[in-house]
$ cat coords_11.cif   # mmCIF, C-alpha atoms; chains and numbers go by the auth columns
data_data
#
loop_
_atom_site.group_PDB
_atom_site.id
_atom_site.type_symbol
_atom_site.label_atom_id
_atom_site.label_comp_id
_atom_site.label_asym_id
_atom_site.label_seq_id
_atom_site.Cartn_x
_atom_site.Cartn_y
_atom_site.Cartn_z
_atom_site.B_iso_or_equiv
_atom_site.auth_seq_id
_atom_site.auth_asym_id
ATOM 1 C CA MET A 1 0.000 0.000 0.000 0.00 1 A
ATOM 2 C CA LEU A 2 2.813 2.384 0.889 0.00 2 A
ATOM 3 C CA SER A 3 4.465 1.720 -2.467 0.00 3 A
ATOM 4 C CA ILE A 4 1.219 2.648 -4.245 0.00 4 A
ATOM 5 C CA ILE A 5 0.998 5.898 -2.275 0.00 5 A
ATOM 6 C CA GLN A 6 4.607 6.704 -3.153 0.00 6 A
ATOM 7 C CA ALA A 7 3.992 5.873 -6.808 0.00 7 A
ATOM 8 C CA ALA A 8 0.869 8.072 -6.881 0.00 8 A
ATOM 9 C CA GLY A 9 2.811 11.162 -5.789 0.00 9 A
ATOM 10 C CA TRP A 10 1.846 14.001 -3.488 0.00 10 A
ATOM 11 C CA PRO A 11 -1.689 14.620 -4.941 0.00 11 A
ATOM 12 C CA ILE A 12 -2.796 11.299 -3.442 0.00 12 A
ATOM 13 C CA TRP A 13 -2.575 12.774 0.073 0.00 13 A
ATOM 14 C CA LEU A 14 -5.506 15.083 -0.698 0.00 14 A
ATOM 15 C CA LEU A 15 -7.544 12.048 -1.711 0.00 15 A
ATOM 16 C CA LEU A 16 -6.481 10.075 1.359 0.00 16 A
ATOM 17 C CA ILE A 17 -7.614 12.929 3.625 0.00 17 A
ATOM 18 C CA ALA A 18 -10.929 13.106 1.749 0.00 18 A
ATOM 19 C CA SER A 19 -11.409 9.339 2.076 0.00 19 A
ATOM 20 C CA ALA A 20 -10.694 9.442 5.828 0.00 20 A
ATOM 21 C CA VAL A 21 -13.217 12.263 6.305 0.00 21 A
ATOM 22 C CA ALA A 22 -15.823 10.468 4.170 0.00 22 A
ATOM 23 C CA LEU A 23 -15.355 7.201 6.078 0.00 23 A
ATOM 24 C CA SER A 24 -15.690 8.993 9.426 0.00 24 A
ATOM 25 C CA LEU A 25 -18.890 10.724 8.302 0.00 25 A
ATOM 26 C CA ILE A 26 -20.371 7.494 6.957 0.00 26 A
ATOM 27 C CA ILE A 27 -19.709 5.648 10.222 0.00 27 A
ATOM 28 C CA GLU A 28 -21.080 8.564 12.290 0.00 28 A
ATOM 29 C CA ARG A 29 -24.249 8.779 10.181 0.00 29 A
ATOM 30 C CA LEU A 30 -24.766 4.989 10.249 0.00 30 A
ATOM 31 C CA ILE A 31 -24.726 5.173 14.051 0.00 31 A
ATOM 32 C CA SER A 32 -26.809 8.361 14.353 0.00 32 A
ATOM 33 C CA LEU A 33 -29.469 7.548 11.760 0.00 33 A
ATOM 34 C CA ARG A 34 -30.669 4.269 13.211 0.00 34 A
ATOM 35 C CA ARG A 35 -34.455 4.192 13.093 0.00 35 A
ATOM 36 C CA ALA A 36 -34.856 3.131 16.725 0.00 36 A
ATOM 37 C CA GLN A 37 -32.717 6.097 17.777 0.00 37 A
ATOM 38 C CA VAL A 38 -34.519 8.692 15.629 0.00 38 A
ATOM 39 C CA LEU A 39 -38.091 7.362 15.871 0.00 39 A
ATOM 40 C CA PRO A 40 -38.461 5.119 18.940 0.00 40 A
ATOM 41 C CA PRO A 41 -41.418 2.822 18.121 0.00 41 A
ATOM 42 C CA LYS A 42 -43.495 3.277 21.303 0.00 42 A
ATOM 43 C CA LEU A 43 -42.646 6.913 22.050 0.00 43 A
ATOM 44 C CA LEU A 44 -45.849 8.452 20.678 0.00 44 A
ATOM 45 C CA ASP A 45 -48.024 6.114 22.762 0.00 45 A
ATOM 46 C CA GLU A 46 -45.980 6.918 25.880 0.00 46 A
ATOM 47 C CA VAL A 47 -46.302 10.678 25.287 0.00 47 A
ATOM 48 C CA ILE A 48 -50.074 10.371 24.811 0.00 48 A
ATOM 49 C CA ARG A 49 -50.262 8.397 28.078 0.00 49 A
ATOM 50 C CA VAL A 50 -48.274 11.121 29.865 0.00 50 A
ATOM 51 C CA TYR A 51 -50.641 13.754 28.438 0.00 51 A
ATOM 52 C CA HIS A 52 -53.755 11.888 29.606 0.00 52 A
ATOM 53 C CA SER A 53 -52.239 11.275 33.048 0.00 53 A
ATOM 54 C CA GLY A 54 -51.516 14.995 33.409 0.00 54 A
ATOM 55 C CA LYS A 55 -47.983 14.348 34.713 0.00 55 A
ATOM 56 C CA ILE A 56 -46.249 16.867 32.452 0.00 56 A
ATOM 57 C CA THR A 57 -43.290 18.240 34.419 0.00 57 A
ATOM 58 C CA ALA A 58 -40.123 20.072 33.422 0.00 58 A
ATOM 59 C CA ASP A 59 -38.111 16.893 34.049 0.00 59 A
ATOM 60 C CA VAL A 60 -40.400 14.865 31.784 0.00 60 A
ATOM 61 C CA LEU A 61 -40.072 17.448 29.008 0.00 61 A
ATOM 62 C CA THR A 62 -36.273 17.598 29.348 0.00 62 A
ATOM 63 C CA GLU A 63 -35.993 13.809 29.267 0.00 63 A
ATOM 64 C CA LEU A 64 -38.280 13.665 26.220 0.00 64 A
ATOM 65 C CA GLU A 65 -36.232 16.294 24.350 0.00 65 A
ATOM 66 C CA GLN A 66 -33.044 14.323 24.980 0.00 66 A
ATOM 67 C CA ASN A 67 -34.649 11.041 23.953 0.00 67 A
ATOM 68 C CA SER A 68 -34.634 11.417 20.166 0.00 68 A
ATOM 69 C CA ALA A 69 -35.508 13.671 17.232 0.00 69 A
ATOM 70 C CA LEU A 70 -39.148 12.621 17.526 0.00 70 A
ATOM 71 C CA GLY A 71 -38.943 13.315 21.273 0.00 71 A
ATOM 72 C CA ARG A 72 -37.894 16.936 20.601 0.00 72 A
ATOM 73 C CA VAL A 73 -40.877 17.389 18.288 0.00 73 A
ATOM 74 C CA LEU A 74 -43.383 15.875 20.709 0.00 74 A
ATOM 75 C CA ALA A 75 -41.885 17.825 23.635 0.00 75 A
ATOM 76 C CA ALA A 76 -42.598 21.046 21.724 0.00 76 A
ATOM 77 C CA GLY A 77 -46.217 19.933 21.491 0.00 77 A
ATOM 78 C CA LEU A 78 -46.400 19.128 25.200 0.00 78 A
ATOM 79 C CA ARG A 79 -44.970 22.554 26.095 0.00 79 A
ATOM 80 C CA ASN A 80 -47.879 24.139 24.207 0.00 80 A
ATOM 81 C CA ILE A 81 -50.516 21.661 25.338 0.00 81 A
ATOM 82 C CA SER A 82 -52.921 24.364 26.529 0.00 82 A
ATOM 83 C CA ALA A 83 -52.411 26.586 23.466 0.00 83 A
ATOM 84 C CA PRO A 84 -54.796 26.647 20.485 0.00 84 A
ATOM 85 C CA ARG A 85 -54.314 23.994 17.812 0.00 85 A
ATOM 86 C CA GLU A 86 -52.582 26.368 15.352 0.00 86 A
ATOM 87 C CA VAL A 87 -50.090 27.590 17.971 0.00 87 A
ATOM 88 C CA MET A 88 -49.310 24.006 18.963 0.00 88 A
ATOM 89 C CA LYS A 89 -48.788 22.990 15.322 0.00 89 A
ATOM 90 C CA GLU A 90 -46.507 25.981 14.754 0.00 90 A
ATOM 91 C CA ALA A 91 -44.354 25.033 17.770 0.00 91 A
ATOM 92 C CA ILE A 92 -44.150 21.434 16.536 0.00 92 A
ATOM 93 C CA GLU A 93 -43.175 22.595 13.032 0.00 93 A
ATOM 94 C CA GLU A 94 -40.383 24.772 14.426 0.00 94 A
ATOM 95 C CA ALA A 95 -39.058 21.851 16.491 0.00 95 A
ATOM 96 C CA GLY A 96 -39.387 19.638 13.407 0.00 96 A
ATOM 97 C CA ARG A 97 -37.240 21.990 11.346 0.00 97 A
ATOM 98 C CA GLY A 98 -34.573 21.887 14.061 0.00 98 A
ATOM 99 C CA ALA A 99 -34.748 18.076 14.233 0.00 99 A
ATOM 100 C CA ALA A 100 -34.520 17.833 10.427 0.00 100 A
ATOM 101 C CA HIS A 101 -31.444 20.043 10.460 0.00 101 A
ATOM 102 C CA GLN A 102 -29.816 17.731 13.004 0.00 102 A
ATOM 103 C CA LEU A 103 -30.657 14.661 10.910 0.00 103 A
ATOM 104 C CA GLU A 104 -29.115 16.283 7.816 0.00 104 A
ATOM 105 C CA ARG A 105 -25.893 17.124 9.656 0.00 105 A
ATOM 106 C CA PHE A 106 -22.710 16.289 7.687 0.00 106 A
ATOM 107 C CA LEU A 107 -24.665 15.175 4.595 0.00 107 A
ATOM 108 C CA THR A 108 -23.595 18.274 2.674 0.00 108 A
ATOM 109 C CA THR A 109 -19.946 17.499 3.453 0.00 109 A
ATOM 110 C CA LEU A 110 -20.359 13.893 2.326 0.00 110 A
ATOM 111 C CA GLY A 111 -22.058 15.017 -0.885 0.00 111 A
ATOM 112 C CA THR A 112 -19.277 17.536 -1.503 0.00 112 A
ATOM 113 C CA ILE A 113 -16.623 14.820 -1.127 0.00 113 A
ATOM 114 C CA ALA A 114 -18.553 12.577 -3.544 0.00 114 A
ATOM 115 C CA THR A 115 -18.566 15.417 -6.091 0.00 115 A
ATOM 116 C CA LEU A 116 -15.048 16.664 -5.422 0.00 116 A
ATOM 117 C CA ALA A 117 -13.147 13.350 -5.303 0.00 117 A
ATOM 118 C CA PRO A 118 -13.170 12.756 -9.103 0.00 118 A
ATOM 119 C CA LEU A 119 -12.009 16.347 -9.623 0.00 119 A
ATOM 120 C CA MET A 120 -9.186 15.811 -7.131 0.00 120 A
ATOM 121 C CA GLY A 121 -8.295 12.640 -9.036 0.00 121 A
ATOM 122 C CA LEU A 122 -8.337 14.641 -12.252 0.00 122 A
ATOM 123 C CA PHE A 123 -6.040 17.186 -10.644 0.00 123 A
ATOM 124 C CA GLY A 124 -3.613 14.352 -9.834 0.00 124 A
ATOM 125 C CA THR A 125 -3.896 13.217 -13.433 0.00 125 A
ATOM 126 C CA VAL A 126 -2.949 16.689 -14.647 0.00 126 A
ATOM 127 C CA VAL A 127 0.036 16.734 -12.272 0.00 127 A
ATOM 128 C CA GLY A 128 1.105 13.353 -13.671 0.00 128 A
ATOM 129 C CA MET A 129 0.786 14.606 -17.250 0.00 129 A
ATOM 130 C CA ILE A 130 2.899 17.649 -16.376 0.00 130 A
ATOM 131 C CA GLU A 131 5.572 15.294 -15.012 0.00 131 A
ATOM 132 C CA ILE A 132 5.387 13.231 -18.218 0.00 132 A
ATOM 133 C CA PHE A 133 5.962 16.293 -20.377 0.00 133 A
ATOM 134 C CA GLY A 134 8.634 17.503 -17.948 0.00 134 A
ATOM 135 C CA ALA A 135 10.511 14.248 -18.550 0.00 135 A
ATOM 136 C CA GLN A 136 10.974 15.203 -22.189 0.00 136 A
ATOM 137 C CA ASN A 137 14.199 17.010 -23.003 0.00 137 A
ATOM 138 C CA ALA A 138 16.535 17.556 -25.924 0.00 138 A
ATOM 139 C CA SER A 139 18.267 14.216 -25.435 0.00 139 A
ATOM 140 C CA GLY A 140 14.968 12.269 -25.277 0.00 140 A
ATOM 141 C CA SER A 141 12.801 11.132 -22.418 0.00 141 A
ATOM 142 C CA ASN A 142 13.816 9.723 -19.057 0.00 142 A
ATOM 143 C CA PRO A 143 11.985 6.348 -18.750 0.00 143 A
ATOM 144 C CA ALA A 144 11.911 6.475 -14.931 0.00 144 A
ATOM 145 C CA GLU A 145 10.351 9.947 -14.847 0.00 145 A
ATOM 146 C CA LEU A 146 7.965 8.958 -17.633 0.00 146 A
ATOM 147 C CA ALA A 147 6.807 5.893 -15.680 0.00 147 A
ATOM 148 C CA HIS A 148 6.415 7.965 -12.505 0.00 148 A
ATOM 149 C CA GLY A 149 4.279 10.538 -14.339 0.00 149 A
ATOM 150 C CA ILE A 150 2.033 7.806 -15.753 0.00 150 A
ATOM 151 C CA SER A 151 1.591 6.183 -12.326 0.00 151 A
ATOM 152 C CA VAL A 152 0.718 9.559 -10.751 0.00 152 A
ATOM 153 C CA ALA A 153 -1.877 10.155 -13.464 0.00 153 A
ATOM 154 C CA LEU A 154 -3.524 6.719 -13.275 0.00 154 A
ATOM 155 C CA TYR A 155 -3.419 6.126 -9.521 0.00 155 A
ATOM 156 C CA ASN A 156 -4.987 9.488 -8.734 0.00 156 A
ATOM 157 C CA THR A 157 -7.777 8.968 -11.248 0.00 157 A
ATOM 158 C CA GLY A 158 -8.478 5.530 -9.810 0.00 158 A
ATOM 159 C CA PHE A 159 -8.389 6.714 -6.206 0.00 159 A
ATOM 160 C CA GLY A 160 -10.682 9.632 -6.999 0.00 160 A
ATOM 161 C CA LEU A 161 -13.302 7.343 -8.529 0.00 161 A
ATOM 162 C CA ALA A 162 -12.921 4.742 -5.766 0.00 162 A
ATOM 163 C CA ILE A 163 -13.670 7.404 -3.137 0.00 163 A
ATOM 164 C CA ALA A 164 -16.468 9.137 -5.054 0.00 164 A
ATOM 165 C CA MET A 165 -18.582 6.053 -5.813 0.00 165 A
ATOM 166 C CA PRO A 166 -19.210 4.771 -2.250 0.00 166 A
ATOM 167 C CA ALA A 167 -19.473 8.351 -0.917 0.00 167 A
ATOM 168 C CA LEU A 168 -22.201 9.098 -3.472 0.00 168 A
ATOM 169 C CA VAL A 169 -24.044 5.850 -2.698 0.00 169 A
ATOM 170 C CA PHE A 170 -24.055 6.562 1.050 0.00 170 A
ATOM 171 C CA TYR A 171 -24.997 10.215 0.501 0.00 171 A
ATOM 172 C CA ARG A 172 -28.051 9.175 -1.538 0.00 172 A
ATOM 173 C CA HIS A 173 -28.920 6.483 1.014 0.00 173 A
ATOM 174 C CA PHE A 174 -28.715 8.888 3.970 0.00 174 A
ATOM 175 C CA ARG A 175 -30.641 11.550 2.050 0.00 175 A
ATOM 176 C CA ALA A 176 -33.518 9.134 1.381 0.00 176 A
ATOM 177 C CA LEU A 177 -33.377 7.887 4.984 0.00 177 A
ATOM 178 C CA VAL A 178 -33.644 11.419 6.417 0.00 178 A
ATOM 179 C CA ASP A 179 -36.525 12.290 4.073 0.00 179 A
ATOM 180 C CA GLY A 180 -38.383 9.181 5.252 0.00 180 A
ATOM 181 C CA PHE A 181 -37.733 10.025 8.911 0.00 181 A
ATOM 182 C CA ILE A 182 -39.049 13.569 8.438 0.00 182 A
ATOM 183 C CA ILE A 183 -42.276 12.285 6.852 0.00 183 A
ATOM 184 C CA ASP A 184 -42.750 9.778 9.699 0.00 184 A
ATOM 185 C CA MET A 185 -42.141 12.498 12.296 0.00 185 A
ATOM 186 C CA GLU A 186 -44.716 14.742 10.628 0.00 186 A
ATOM 187 C CA GLN A 187 -47.291 11.936 10.620 0.00 187 A
ATOM 188 C CA GLN A 188 -46.724 11.106 14.287 0.00 188 A
ATOM 189 C CA ALA A 189 -46.845 14.794 15.234 0.00 189 A
ATOM 190 C CA VAL A 190 -50.200 15.139 13.457 0.00 190 A
ATOM 191 C CA LYS A 191 -51.507 12.091 15.353 0.00 191 A
ATOM 192 C CA PHE A 192 -50.400 13.689 18.606 0.00 192 A
ATOM 193 C CA VAL A 193 -52.092 17.022 17.801 0.00 193 A
ATOM 194 C CA ASP A 194 -55.264 15.172 16.795 0.00 194 A
ATOM 195 C CA SER A 195 -55.256 13.153 20.027 0.00 195 A
ATOM 196 C CA VAL A 196 -54.951 16.357 22.058 0.00 196 A
ATOM 197 C CA HIS A 197 -57.483 18.482 20.189 0.00 197 A
ATOM 198 C CA SER A 198 -59.694 15.676 18.860 0.00 198 A
ATOM 199 C CA ALA A 199 -60.458 17.761 15.783 0.00 199 A
ATOM 200 C CA ARG A 200 -60.374 14.772 13.443 0.00 200 A
ATOM 201 C CA LYS A 201 -62.153 11.479 13.899 0.00 201 A
#
$ encode --input "coords_11.cif" --output "structure tokens"
Amino acid sequence: MLSIIQAAGWPIWLLLIASAVALSLIIERLISLRRAQVLPPKLLDEVIRVYHSGKITADVLTELEQNSALGRVLAAGLRNISAPREVMKEAIEEAGRGAAHQLERFLTTLGTIATLAPLMGLFGTVVGMIEIFGAQNASGSNPAELAHGISVALYNTGFGLAIAMPALVFYRHFRALVDGFIIDMEQQAVKFVDSVHSARK
């Protein structure tokens, strides 16, 4: 592996840094975007039970907010439990926007790496081509420098594509996952508002 890095020249270090960042973000998002962590399955029922029991305290609200993204949304509803329906919905929507922002954290960076990695590989290719042309002189070409320039060009292109493809796949996967979570949160929030105000049957 070290010999490949040496053969690829200095541009490969930019790609290695990008790959390390992308891998870290992918692992972090895989851990953070687990469904049970974002949308605990029984949380809505528990919150409705707390509402009907009337045991809404500051400690309960704090614990609910720290529970999950859905917990933050439902806690906003509980804080405005005595407010009119529209005020309660507005508070839930604001909390939902904050929760959505948290769920989307780092996705822009991952998408940027997926887009930028091929360009970084292309940059390495250009550096390699410059070295190839630099190997030409009046007495002919230096085979060692020529081979080094070719390896710089090809390795960087390959590394760029190898980083971009999985980064793009995971970016799309996380994007779809977050969109699904947001829709589920909206549906559960509506159920909670309906259970409080009983406007719909």
$ residues_around --input "coords_11.cif" --residues "A:Arg172" --least-positions-apart "4" --cutoff "12 Å" --atoms "all atoms listed in the file" --output "JSON, numbers by chain"
{"A": [26, 104, 107, 108, 110, 111, 114, 165, 166, 167, 168, 176, 177, 178, 179]}
$ closest_atom_pairs --input "coords_11.cif" --of "stretch 13-107 of chain A" --to "stretch 115-134 of chain A" --cutoff "12 Å" --atoms "all atoms listed in the file" --output "tab-separated table"
residue	atom	partner	partner_atom	distance
A:Trp13	CA	A:Gly124	CA	10.1
A:Leu14	CA	A:Met120	CA	7.4
A:Leu15	CA	A:Ala117	CA	6.8
A:Leu16	CA	A:Ala117	CA	10.0
A:Ile17	CA	A:Ala117	CA	10.5
A:Ala18	CA	A:Ala117	CA	7.4
A:Ser19	CA	A:Ala117	CA	8.6
A:Val21	CA	A:Ala117	CA	11.7
A:Ala22	CA	A:Ala117	CA	10.3
$ atom_distance --input "coords_11.cif" --atom1 "atom CA of A:Val60" --atom2 "atom CA of A:Val193"
18.4 Å
$ atom_distance --input "coords_11.cif" --atom1 "atom CA of A:Ala99" --atom2 "atom CA of A:Ala69"
5.4 Å
$ closest_residue --input "coords_11.cif" --among "A:Ile48, A:Leu103, A:Leu70, A:Ala189" --to "A:Leu30" --atoms "all atoms listed in the file"
A:Leu103
$ closest_residue --input "coords_11.cif" --among "A:Ala20, A:Leu43, A:Met185, A:Val196" --to "A:Ala95" --atoms "only C-alpha atoms"
A:Met185
$ atom_distance --input "coords_11.cif" --atom1 "atom CA of A:Glu86" --atom2 "atom CA of A:Glu186"
14.8 Å
$ closest_residue --input "coords_11.cif" --among "A:Ala100, A:Leu64, A:Ile12, A:Leu25" --to "A:Gly158" --atoms "all atoms listed in the file"
A:Ile12
$ residues_near_point --input "coords_11.cif" --point "(-41.8, 17.8, 11.9)" --cutoff "12 Å" --atoms "all atoms listed in the file" --output "ChimeraX atom specification"
/A:39,69-77,89-101,103,178-193
$ closest_residue --input "coords_11.cif" --among "A:Tyr171, A:Ile150, A:Phe106, A:Ser195" --to "A:Val47" --atoms "all atoms listed in the file"
A:Ser195
$ closest_residue --input "coords_11.cif" --among "A:Ser32, A:Val38, A:Asp45, A:His173" --to "A:Glu65" --atoms "all atoms listed in the file"
A:Val38
